[in-house]
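Asker: My file is coords00.pdb. It has PDB, C-alpha atoms:
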```pdb
ATOM      1  CA  MET I  24     -29.298  -2.593  -6.679
ATOM      2  CA  TYR I  25     -26.853  -4.776  -8.559
ATOM      3  CA  ILE I  26     -24.441  -7.188  -6.903
ATOM      4  CA  LEU I  27     -21.134  -7.243  -8.757
ATOM      5  CA  THR I  28     -19.274 -10.475  -9.496
ATOM      6  CA  GLU I  29     -15.614 -11.120 -10.291
ATOM      7  CA  LYS I  30     -16.259  -9.957 -13.851
ATOM      8  CA  ILE I  31     -14.894  -6.454 -14.445
ATOM      9  CA  ALA I  32     -18.158  -4.821 -15.509
ATOM     10  CA  PHE I  33     -20.852  -2.439 -14.256
ATOM     11  CA  PRO I  34     -24.549  -2.098 -15.055
ATOM     12  CA  SER I  35     -25.726   0.963 -16.979
ATOM     13  CA  VAL I  36     -25.604   4.111 -14.831
ATOM     14  CA  ASP I  37     -29.211   4.758 -15.871
ATOM     15  CA  LEU I  38     -30.119   2.032 -13.379
ATOM     16  CA  ALA I  39     -28.723   3.923 -10.371
ATOM     17  CA  ALA I  40     -31.137   4.509  -7.483
ATOM     18  CA  GLU I  41     -32.395   7.979  -6.534
ATOM     19  CA  ASP I  42     -29.539   8.337  -4.015
ATOM     20  CA  GLY I  43     -26.990   7.502  -6.713
ATOM     21  CA  ILE I  44     -26.192   3.958  -5.593
ATOM     22  CA  LEU I  45     -25.624   1.755  -8.630
ATOM     23  CA  ALA I  46     -24.103  -1.470  -7.319
ATOM     24  CA  ILE I  47     -22.342  -3.140  -4.401
ATOM     25  CA  GLY I  48     -19.557  -5.669  -4.155
ATOM     26  CA  GLY I  49     -16.758  -6.439  -6.559
ATOM     27  CA  ASP I  50     -13.241  -5.338  -5.718
ATOM     28  CA  LEU I  51     -10.938  -2.320  -5.814
ATOM     29  CA  SER I  52      -8.579  -3.607  -8.478
ATOM     30  CA  THR I  53      -6.906  -1.059 -10.756
ATOM     31  CA  GLU I  54      -8.837  -2.504 -13.698
ATOM     32  CA  ARG I  55     -12.228  -2.117 -12.023
ATOM     33  CA  LEU I  56     -11.500   1.337 -10.640
ATOM     34  CA  THR I  57     -10.296   2.539 -14.052
ATOM     35  CA  LEU I  58     -13.453   1.257 -15.729
ATOM     36  CA  ALA I  59     -15.562   2.857 -12.998
ATOM     37  CA  TYR I  60     -14.097   6.338 -13.457
ATOM     38  CA  GLN I  61     -14.262   6.073 -17.234
ATOM     39  CA  SER I  62     -17.964   5.197 -16.839
ATOM     40  CA  GLY I  63     -18.880   7.997 -14.414
ATOM     41  CA  ILE I  64     -18.891   5.714 -11.355
ATOM     42  CA  PHE I  65     -16.963   5.995  -8.090
ATOM     43  CA  PRO I  66     -16.683   3.953  -4.859
ATOM     44  CA  TRP I  67     -17.833   5.457  -1.561
ATOM     45  CA  PHE I  68     -18.282   3.413   1.601
ATOM     46  CA  ASN I  69     -17.214   3.237   5.233
ATOM     47  CA  GLU I  70     -15.056   0.740   7.085
ATOM     48  CA  GLY I  71     -16.929  -2.522   7.618
ATOM     49  CA  GLU I  72     -19.364  -1.922   4.756
ATOM     50  CA  PRO I  73     -19.344  -3.683   1.380
ATOM     51  CA  ILE I  74     -17.930  -1.675  -1.529
ATOM     52  CA  ILE I  75     -20.676   0.696  -2.717
ATOM     53  CA  TRP I  76     -20.544   2.193  -6.227
ATOM     54  CA  TYR I  77     -22.220   5.516  -7.038
ATOM     55  CA  SER I  78     -23.282   7.442 -10.111
ATOM     56  CA  PRO I  79     -25.407  10.362  -8.860
ATOM     57  CA  LYS I  80     -27.983  11.947 -11.160
ATOM     58  CA  ASP I  81     -26.621  15.423 -10.396
ATOM     59  CA  ARG I  82     -22.855  15.614 -10.767
ATOM     60  CA  MET I  83     -20.796  18.377  -9.169
ATOM     61  CA  VAL I  84     -18.167  19.584 -11.639
ATOM     62  CA  LEU I  85     -15.973  22.581 -12.248
ATOM     63  CA  PHE I  86     -15.244  23.849 -15.736
ATOM     64  CA  PRO I  87     -11.725  25.364 -15.590
ATOM     65  CA  GLU I  88     -12.839  28.644 -17.197
ATOM     66  CA  GLU I  89     -15.474  29.074 -14.450
ATOM     67  CA  LEU I  90     -13.016  29.019 -11.547
ATOM     68  CA  LYS I  91     -13.765  31.758  -9.013
ATOM     69  CA  ILE I  92     -10.887  33.181  -6.992
ATOM     70  CA  SER I  93     -11.897  35.607  -4.252
ATOM     71  CA  LYS I  94      -9.929  38.749  -3.509
ATOM     72  CA  SER I  95      -8.735  37.250  -0.243
ATOM     73  CA  MET I  96      -7.486  34.112  -2.012
ATOM     74  CA  ARG I  97      -5.736  36.187  -4.665
ATOM     75  CA  LYS I  98      -3.870  37.923  -1.846
ATOM     76  CA  VAL I  99      -2.936  34.567  -0.274
ATOM     77  CA  ILE I 100      -1.478  33.448  -3.600
ATOM     78  CA  ARG I 101       0.321  36.762  -4.193
ATOM     79  CA  ASP I 102       1.899  36.619  -0.736
ATOM     80  CA  GLN I 103       3.598  33.330  -1.747
ATOM     81  CA  ARG I 104       3.219  31.902   1.725
ATOM     82  CA  PHE I 105       2.822  28.447   0.230
ATOM     83  CA  LYS I 106       4.820  26.385  -2.239
ATOM     84  CA  VAL I 107       2.828  24.102  -4.529
ATOM     85  CA  THR I 108       4.091  20.891  -6.141
ATOM     86  CA  PHE I 109       2.449  18.336  -8.378
ATOM     87  CA  ASN I 110       2.549  14.590  -7.866
ATOM     88  CA  THR I 111       5.664  14.563  -5.669
ATOM     89  CA  ALA I 112       4.213  13.291  -2.356
ATOM     90  CA  PHE I 113       1.163  11.264  -3.325
ATOM     91  CA  GLU I 114       1.432   8.782  -0.461
ATOM     92  CA  GLN I 115       1.653  11.568   2.124
ATOM     93  CA  VAL I 116      -1.345  13.408   0.666
ATOM     94  CA  LEU I 117      -3.409  10.218   0.630
ATOM     95  CA  TYR I 118      -2.452   9.474   4.241
ATOM     96  CA  HIS I 119      -3.443  12.974   5.389
ATOM     97  CA  CYS I 120      -6.759  12.785   3.521
ATOM     98  CA  LYS I 121      -7.402   9.478   5.261
ATOM     99  CA  THR I 122      -6.478  10.499   8.795
ATOM    100  CA  ILE I 123      -7.347  14.187   9.148
ATOM    101  CA  TYR I 124     -10.204  14.904  11.552
ATOM    102  CA  ARG I 125     -13.387  16.059   9.828
ATOM    103  CA  PRO I 126     -16.030  17.267  12.329
ATOM    104  CA  GLU I 127     -18.858  16.773   9.831
ATOM    105  CA  GLN I 128     -18.022  13.080   9.319
ATOM    106  CA  GLY I 129     -18.219  10.175  11.724
ATOM    107  CA  GLY I 130     -15.031   8.664  10.333
ATOM    108  CA  THR I 131     -12.986   8.288   7.196
ATOM    109  CA  TRP I 132     -14.288   6.677   4.032
ATOM    110  CA  ILE I 133     -10.696   6.034   2.917
ATOM    111  CA  THR I 134     -10.345   2.532   4.324
ATOM    112  CA  ASP I 135      -7.066   0.607   4.349
ATOM    113  CA  ASP I 136      -8.199  -1.269   1.234
ATOM    114  CA  MET I 137      -9.085   2.012  -0.463
ATOM    115  CA  GLU I 138      -5.699   3.485   0.458
ATOM    116  CA  ASN I 139      -3.866   0.494  -1.016
ATOM    117  CA  ALA I 140      -6.008   0.608  -4.157
ATOM    118  CA  TYR I 141      -5.194   4.251  -4.873
ATOM    119  CA  LEU I 142      -1.497   3.689  -4.200
ATOM    120  CA  LYS I 143      -1.604   1.057  -6.945
ATOM    121  CA  MET I 144      -3.447   3.490  -9.194
ATOM    122  CA  HIS I 145      -0.679   6.017  -8.537
ATOM    123  CA  GLU I 146       1.991   3.455  -9.448
ATOM    124  CA  LYS I 147       0.208   3.051 -12.791
ATOM    125  CA  GLY I 148       0.232   6.818 -13.349
ATOM    126  CA  LEU I 149      -3.551   7.089 -13.015
ATOM    127  CA  ALA I 150      -3.847   8.688  -9.560
ATOM    128  CA  LYS I 151      -2.117  12.032  -9.022
ATOM    129  CA  SER I 152      -1.755  14.620  -6.292
ATOM    130  CA  VAL I 153      -1.204  18.296  -5.616
ATOM    131  CA  GLU I 154       0.822  19.240  -2.544
ATOM    132  CA  VAL I 155       0.879  22.532  -0.622
ATOM    133  CA  TRP I 156       3.897  23.218   1.582
ATOM    134  CA  GLU I 157       4.622  25.809   4.242
ATOM    135  CA  GLY I 158       8.377  25.658   4.454
ATOM    136  CA  ASP I 159       9.161  21.952   4.544
ATOM    137  CA  VAL I 160       5.828  20.972   6.088
ATOM    138  CA  LEU I 161       2.993  19.499   4.024
ATOM    139  CA  VAL I 162      -0.047  21.548   5.067
ATOM    140  CA  GLY I 163      -2.571  20.792   2.340
ATOM    141  CA  GLY I 164      -3.264  18.899  -0.828
ATOM    142  CA  LEU I 165      -5.615  16.810  -2.892
ATOM    143  CA  TYR I 166      -5.574  13.687  -5.022
ATOM    144  CA  GLY I 167      -7.679  12.207  -7.783
ATOM    145  CA  ILE I 168      -7.816  10.147 -10.946
ATOM    146  CA  ASP I 169      -6.480  11.634 -14.185
ATOM    147  CA  LEU I 170      -8.442  10.482 -17.251
ATOM    148  CA  GLY I 171      -6.515  12.660 -19.683
ATOM    149  CA  THR I 172      -9.116  15.356 -20.372
ATOM    150  CA  VAL I 173     -11.111  14.993 -17.144
ATOM    151  CA  PHE I 174      -9.638  15.005 -13.634
ATOM    152  CA  CYS I 175     -11.751  13.168 -11.040
ATOM    153  CA  GLY I 176     -11.102  14.737  -7.649
ATOM    154  CA  GLU I 177     -11.286  12.305  -4.747
ATOM    155  CA  SER I 178     -10.321  14.035  -1.517
ATOM    156  CA  MET I 179      -8.488  17.059  -0.155
ATOM    157  CA  PHE I 180      -7.096  18.089   3.204
ATOM    158  CA  SER I 181      -5.801  21.166   4.954
ATOM    159  CA  THR I 182      -4.042  21.629   8.284
ATOM    160  CA  VAL I 183      -3.837  25.423   7.955
ATOM    161  CA  SER I 184      -6.367  27.900   6.616
ATOM    162  CA  ASN I 185      -6.715  28.116   2.815
ATOM    163  CA  ALA I 186      -4.199  25.367   1.980
ATOM    164  CA  SER I 187      -6.703  23.058   0.295
ATOM    165  CA  LYS I 188      -8.149  25.974  -1.687
ATOM    166  CA  VAL I 189      -4.654  26.823  -2.900
ATOM    167  CA  ALA I 190      -4.171  23.207  -4.009
ATOM    168  CA  PHE I 191      -7.450  23.242  -5.924
ATOM    169  CA  ILE I 192      -6.808  26.615  -7.577
ATOM    170  CA  TYR I 193      -3.338  25.572  -8.731
ATOM    171  CA  LEU I 194      -4.734  22.295 -10.064
ATOM    172  CA  VAL I 195      -7.443  24.055 -12.058
ATOM    173  CA  GLU I 196      -5.012  26.617 -13.469
ATOM    174  CA  GLU I 197      -2.643  23.832 -14.536
ATOM    175  CA  LEU I 198      -5.403  21.773 -16.135
ATOM    176  CA  LYS I 199      -6.679  24.866 -17.937
ATOM    177  CA  LYS I 200      -3.305  25.176 -19.673
ATOM    178  CA  GLU I 201      -3.631  21.575 -20.831
ATOM    179  CA  ASN I 202      -7.185  22.079 -22.128
ATOM    180  CA  TYR I 203      -8.909  19.708 -19.710
ATOM    181  CA  LYS I 204     -12.693  19.679 -20.128
ATOM    182  CA  LEU I 205     -13.624  19.665 -16.457
ATOM    183  CA  ILE I 206     -12.805  18.596 -12.901
ATOM    184  CA  ASP I 207     -15.223  16.032 -11.459
ATOM    185  CA  CYS I 208     -16.101  16.964  -7.874
ATOM    186  CA  GLN I 209     -18.659  14.134  -7.526
ATOM    187  CA  VAL I 210     -21.240  15.548  -5.091
ATOM    188  CA  TYR I 211     -22.233  19.045  -4.003
ATOM    189  CA  ASN I 212     -20.461  20.849  -1.201
ATOM    190  CA  ASP I 213     -20.332  24.529  -0.305
ATOM    191  CA  HIS I 214     -16.523  24.676  -0.315
ATOM    192  CA  LEU I 215     -16.298  23.751  -3.999
ATOM    193  CA  ALA I 216     -19.369  25.763  -4.955
ATOM    194  CA  SER I 217     -17.612  28.883  -3.634
ATOM    195  CA  LEU I 218     -14.806  28.161  -6.122
ATOM    196  CA  GLY I 219     -17.173  27.949  -9.084
ATOM    197  CA  ALA I 220     -18.186  24.293  -9.164
ATOM    198  CA  ARG I 221     -21.800  23.506 -10.093
ATOM    199  CA  GLU I 222     -24.061  20.549 -10.689
ATOM    200  CA  ILE I 223     -24.806  19.185 -14.150
ATOM    201  CA  ASP I 224     -26.989  16.283 -15.194
ATOM    202  CA  ARG I 225     -25.395  12.826 -15.289
ATOM    203  CA  ILE I 226     -26.210  12.522 -19.002
ATOM    204  CA  ASP I 227     -24.253  15.702 -19.745
ATOM    205  CA  PHE I 228     -21.382  14.580 -17.518
ATOM    206  CA  LEU I 229     -21.079  11.280 -19.366
ATOM    207  CA  LYS I 230     -20.761  13.139 -22.669
ATOM    208  CA  TYR I 231     -17.570  14.773 -21.381
ATOM    209  CA  LEU I 232     -16.159  11.364 -20.467
TER
END
```
Would you mind writing the file's structure down as structure tokens?
Answerer:
Amino acid sequence: MYILTEKIAFPSVDLAAEDGILAIGGDLSTERLTLAYQSGIFPWFNEGEPIIWYSPKDRMVLFPEELKISKSMRKVIRDQRFKVTFNTAFEQVLYHCKTIYRPEQGGTWITDDMENAYLKMHEKGLAKSVEVWEGDVLVGGLYGIDLGTVFCGESMFSTVSNASKVAFIYLVEELKKENYKLIDCQVYNDHLASLGAREIDRIDFLKYL
């Protein structure tokens, strides 16, 4: 495992451990985070831990043309229960992703430092959000890093059923129009797999970057 210094640089992702850990330390500056995402690396750590940088061998991604929308979700969208906006309430989405209760997790990985780092990324136009509203209430959304032809999803939240799925579907449909290559979902989870995401080898993922 590599210990990062003040220099804005990472070791080759080929040197990542079996669990995907590549390095620890460094900082969460906009410059380092930008280089990380461009290199297929992302930070993931809990409060009180050093910054841990990952580049897993198997990368969960979704190719826009492979999006799966179930019949029930098509009905939810047709019913127009929700209103969807893009990049209009980034700070609120980030806050909800940070604070929402997740039974499967012991706590949030979006620390105060992480929150501040992504707010700075948003100010630079690099971090963007999708918001789902029910009336005037924000009930779901997601945020991530926009690399131009690849969108790196970071976190999503939902306070009512299906809201986060709506956010993801609208994001994919929008990125499809703009000919994005793929959405990076980082690591496997059933929720994203049900929407068409699948794992590809790190080497193949890096080619898209």
Asker: Record the distance separating atom CA of I:Cys175 and atom CA of I:Ser187, expressed in Å with one decimal.
Answerer: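 That distance, rounded to one decimal, is 15.9 Å.
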Asker: Given the file shown, determine the residues that the PyMOL selection byres ((chain I and resi 57) around 12) selects; report them as an MDAnalysis selection string.
Answerer: chainID I and resid 31:33 50:56 58:66 140:141 143:145 147:150 167:170 175
Asker: Would you translate the PyMOL selection byres ((chain I and resi 93) around 12) into the concrete set of residues it matches in this file, as a list in words?
Answerer: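 When the PyMOL selection byres ((chain I and resi 93) around 12) is applied to the shown file, the picked residues are Leu90, Lys91, Ile92, Lys94, Ser95, Met96, Arg97, Lys98, Val99, Ile100, Asn185, Lys188, Val189, Ile192, Ser217, Leu218 and Gly219 of chain I.
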Asker: Save out the residues we just selected, C-alpha atoms, as a PDB file, in the coordinates of the input.
Answerer:
```pdb
ATOM      1  CA  LEU I  90     -13.016  29.019 -11.547  1.00  0.00           C
ATOM      2  CA  LYS I  91     -13.765  31.758  -9.013  1.00  0.00           C
ATOM      3  CA  ILE I  92     -10.887  33.181  -6.992  1.00  0.00           C
ATOM      4  CA  LYS I  94      -9.929  38.749  -3.509  1.00  0.00           C
ATOM      5  CA  SER I  95      -8.735  37.250  -0.243  1.00  0.00           C
ATOM      6  CA  MET I  96      -7.486  34.112  -2.012  1.00  0.00           C
ATOM      7  CA  ARG I  97      -5.736  36.187  -4.665  1.00  0.00           C
ATOM      8  CA  LYS I  98      -3.870  37.923  -1.846  1.00  0.00           C
ATOM      9  CA  VAL I  99      -2.936  34.567  -0.274  1.00  0.00           C
ATOM     10  CA  ILE I 100      -1.478  33.448  -3.600  1.00  0.00           C
ATOM     11  CA  ASN I 185      -6.715  28.116   2.815  1.00  0.00           C
ATOM     12  CA  LYS I 188      -8.149  25.974  -1.687  1.00  0.00           C
ATOM     13  CA  VAL I 189      -4.654  26.823  -2.900  1.00  0.00           C
ATOM     14  CA  ILE I 192      -6.808  26.615  -7.577  1.00  0.00           C
ATOM     15  CA  SER I 217     -17.612  28.883  -3.634  1.00  0.00           C
ATOM     16  CA  LEU I 218     -14.806  28.161  -6.122  1.00  0.00           C
ATOM     17  CA  GLY I 219     -17.173  27.949  -9.084  1.00  0.00           C
TER      18      GLY I 219
END
```
Asker: As a check of understanding, name the residues that the PyMOL selection byres ((chain I and resi 114) around 12) selects in the supplied structure, as a CSV table (one decimal) with C-alpha atoms, in the coordinates of the input.
Answerer:
```
chain,number,residue,atom,x,y,z
I,110,ASN,CA,2.5,14.6,-7.9
I,111,THR,CA,5.7,14.6,-5.7
I,112,ALA,CA,4.2,13.3,-2.4
I,113,PHE,CA,1.2,11.3,-3.3
I,115,GLN,CA,1.7,11.6,2.1
I,116,VAL,CA,-1.3,13.4,0.7
I,117,LEU,CA,-3.4,10.2,0.6
I,118,TYR,CA,-2.5,9.5,4.2
I,119,HIS,CA,-3.4,13.0,5.4
I,120,CYS,CA,-6.8,12.8,3.5
I,121,LYS,CA,-7.4,9.5,5.3
I,138,GLU,CA,-5.7,3.5,0.5
I,139,ASN,CA,-3.9,0.5,-1.0
I,140,ALA,CA,-6.0,0.6,-4.2
I,141,TYR,CA,-5.2,4.3,-4.9
I,142,LEU,CA,-1.5,3.7,-4.2
I,143,LYS,CA,-1.6,1.1,-6.9
I,144,MET,CA,-3.4,3.5,-9.2
I,145,HIS,CA,-0.7,6.0,-8.5
I,146,GLU,CA,2.0,3.5,-9.4
I,150,ALA,CA,-3.8,8.7,-9.6
I,151,LYS,CA,-2.1,12.0,-9.0
I,152,SER,CA,-1.8,14.6,-6.3
I,153,VAL,CA,-1.2,18.3,-5.6
I,154,GLU,CA,0.8,19.2,-2.5
I,161,LEU,CA,3.0,19.5,4.0
I,164,GLY,CA,-3.3,18.9,-0.8
I,165,LEU,CA,-5.6,16.8,-2.9
I,166,TYR,CA,-5.6,13.7,-5.0
```
Asker: One number please: atom CA of I:Ala216 to atom CA of I:Tyr124, in Å, one decimal.
Answerer: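 Distance reported for this atom pair: 21.8 Å.
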Asker: Within 12 Å of stretch 72-78 of chain I, which residues of stretch 115-223 of chain I show up? Give each one with its shortest atom-to-atom distance in Å (one decimal) and the two atoms involved, counting all atoms listed in the file, rows by chain then rising residue number, as a tab-separated table.
Answerer:
```
residue	atom	partner	partner_atom	distance
I:Trp132	CA	I:Glu72	CA	10.0
I:Ile133	CA	I:Ile74	CA	11.5
I:Thr134	CA	I:Glu72	CA	10.1
I:Asp136	CA	I:Ile74	CA	10.1
I:Met137	CA	I:Ile74	CA	9.6
I:Asp207	CA	I:Ser78	CA	11.9
I:Gln209	CA	I:Ser78	CA	8.5
I:Val210	CA	I:Ser78	CA	9.8
```
Asker: Record the distance separating atom CA of I:Met179 and atom CA of I:Ile47, expressed in Å with one decimal.
Answerer: 24.9 Å
Asker: I'd like to know which of I:Lys199, I:Arg225, I:Tyr231, I:His214 is closest to I:Leu38, using only C-alpha atoms.
Answerer: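 Ranked by minimum distance to I:Leu38, first place goes to I:Arg225.
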Asker: Give me, as an mmCIF file with C-alpha atoms, in the frame of the given file, all polymer residues having an atom no more than 7 Å from I:Arg221, counting only C-alpha atoms and skipping those fewer than 3 positions away in the same chain.
Answerer:
```
data_model
loop_
_atom_site.group_PDB
_atom_site.id
_atom_site.type_symbol
_atom_site.label_atom_id
_atom_site.label_comp_id
_atom_site.auth_asym_id
_atom_site.auth_seq_id
_atom_site.Cartn_x
_atom_site.Cartn_y
_atom_site.Cartn_z
ATOM 1 C CA MET I 83 -20.796 18.377 -9.169
ATOM 2 C CA VAL I 84 -18.167 19.584 -11.639
ATOM 3 C CA LEU I 85 -15.973 22.581 -12.248
ATOM 4 C CA ALA I 216 -19.369 25.763 -4.955
#
```
Asker: Please list, as a PyMOL selection string, the residues that have an atom at most 7 Å away from (-9.1, 22.7, -15.2) in the coordinates of this file, counting only C-alpha atoms.
Answerer: chain I and resi 86-87+194-199+203-206
Asker: For each of I:Gly48, I:Leu215, I:Lys200, I:Arg104, take the minimum atom-to-atom distance to I:Ser184, counting all atoms listed in the file, then give the residue where this is smallest.
Answerer: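 When distances to I:Ser184 are compared using all atoms listed in the file, the smallest one comes from I:Arg104.
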Asker: Which of these residues is nearest to I:Asp159, using only C-alpha atoms: I:Gly171, I:Ile123, I:Ser181, I:Lys106?
Answerer: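 Comparing I:Gly171, I:Ile123, I:Ser181, I:Lys106 against I:Asp159, the winner is I:Lys106.
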Asker: Missing atoms in stretch 81-111 of chain I: can you complete it with N, CA and C atoms, as a compact mmCIF listing (two decimals), in the frame of the given file?
Answerer:
```
# COMPACT_ATOMS: atom_id res chain seq x y z
N ASP I 81 -27.20 14.08 -10.31
CA ASP I 81 -26.62 15.42 -10.40
C ASP I 81 -25.15 15.35 -10.03
N ARG I 82 -24.30 15.76 -10.96
CA ARG I 82 -22.86 15.61 -10.77
C ARG I 82 -22.22 16.99 -10.55
N MET I 83 -21.49 17.12 -9.47
CA MET I 83 -20.80 18.38 -9.17
C MET I 83 -19.50 18.43 -9.98
N VAL I 84 -19.37 19.46 -10.80
CA VAL I 84 -18.17 19.58 -11.64
C VAL I 84 -17.70 21.03 -11.63
N LEU I 85 -16.46 21.23 -12.04
CA LEU I 85 -15.97 22.58 -12.25
C LEU I 85 -15.34 22.66 -13.63
N PHE I 86 -15.85 23.57 -14.45
CA PHE I 86 -15.24 23.85 -15.74
C PHE I 86 -14.10 24.84 -15.48
N PRO I 87 -12.89 24.53 -15.94
CA PRO I 87 -11.72 25.36 -15.59
C PRO I 87 -11.93 26.86 -15.81
N GLU I 88 -12.65 27.22 -16.90
CA GLU I 88 -12.84 28.64 -17.20
C GLU I 88 -13.82 29.31 -16.23
N GLU I 89 -14.51 28.51 -15.40
CA GLU I 89 -15.47 29.07 -14.45
C GLU I 89 -14.92 29.18 -13.03
N LEU I 90 -13.64 28.92 -12.87
CA LEU I 90 -13.02 29.02 -11.55
C LEU I 90 -13.19 30.42 -10.97
N LYS I 91 -13.61 30.49 -9.72
CA LYS I 91 -13.76 31.76 -9.01
C LYS I 91 -12.68 31.87 -7.95
N ILE I 92 -11.92 32.94 -8.00
CA ILE I 92 -10.89 33.18 -6.99
C ILE I 92 -11.22 34.49 -6.29
N SER I 93 -11.51 34.41 -5.01
CA SER I 93 -11.90 35.61 -4.25
C SER I 93 -10.70 36.55 -4.09
N LYS I 94 -11.00 37.77 -3.73
CA LYS I 94 -9.93 38.75 -3.51
C LYS I 94 -8.99 38.28 -2.41
N SER I 95 -9.57 37.70 -1.35
CA SER I 95 -8.74 37.25 -0.24
C SER I 95 -7.82 36.11 -0.68
N MET I 96 -8.33 35.21 -1.54
CA MET I 96 -7.49 34.11 -2.01
C MET I 96 -6.42 34.61 -2.99
N ARG I 97 -6.75 35.61 -3.77
CA ARG I 97 -5.74 36.19 -4.66
C ARG I 97 -4.57 36.77 -3.85
N LYS I 98 -4.92 37.37 -2.71
CA LYS I 98 -3.87 37.92 -1.85
C LYS I 98 -3.02 36.80 -1.25
N VAL I 99 -3.68 35.72 -0.82
CA VAL I 99 -2.94 34.57 -0.27
C VAL I 99 -1.93 34.05 -1.30
N ILE I 100 -2.36 33.95 -2.54
CA ILE I 100 -1.48 33.45 -3.60
C ILE I 100 -0.36 34.44 -3.89
N ARG I 101 -0.70 35.73 -3.94
CA ARG I 101 0.32 36.76 -4.19
C ARG I 101 1.38 36.78 -3.11
N ASP I 102 0.96 36.55 -1.86
CA ASP I 102 1.90 36.62 -0.74
C ASP I 102 2.92 35.48 -0.76
N GLN I 103 2.67 34.46 -1.57
CA GLN I 103 3.60 33.33 -1.75
C GLN I 103 3.98 32.68 -0.41
N ARG I 104 2.99 32.58 0.44
CA ARG I 104 3.22 31.90 1.72
C ARG I 104 3.44 30.40 1.51
N PHE I 105 2.77 29.88 0.49
CA PHE I 105 2.82 28.45 0.23
C PHE I 105 3.63 28.13 -1.03
N LYS I 106 4.21 26.95 -1.04
CA LYS I 106 4.82 26.38 -2.24
C LYS I 106 3.95 25.23 -2.69
N VAL I 107 3.70 25.14 -3.99
CA VAL I 107 2.83 24.10 -4.53
C VAL I 107 3.63 23.18 -5.45
N THR I 108 3.46 21.88 -5.27
CA THR I 108 4.09 20.89 -6.14
C THR I 108 3.03 19.95 -6.68
N PHE I 109 3.38 19.25 -7.74
CA PHE I 109 2.45 18.34 -8.38
C PHE I 109 3.01 16.92 -8.39
N ASN I 110 2.26 16.02 -7.78
CA ASN I 110 2.55 14.59 -7.87
C ASN I 110 3.94 14.21 -7.33
N THR I 111 4.35 14.87 -6.25
CA THR I 111 5.66 14.56 -5.67
C THR I 111 5.56 13.87 -4.30
```
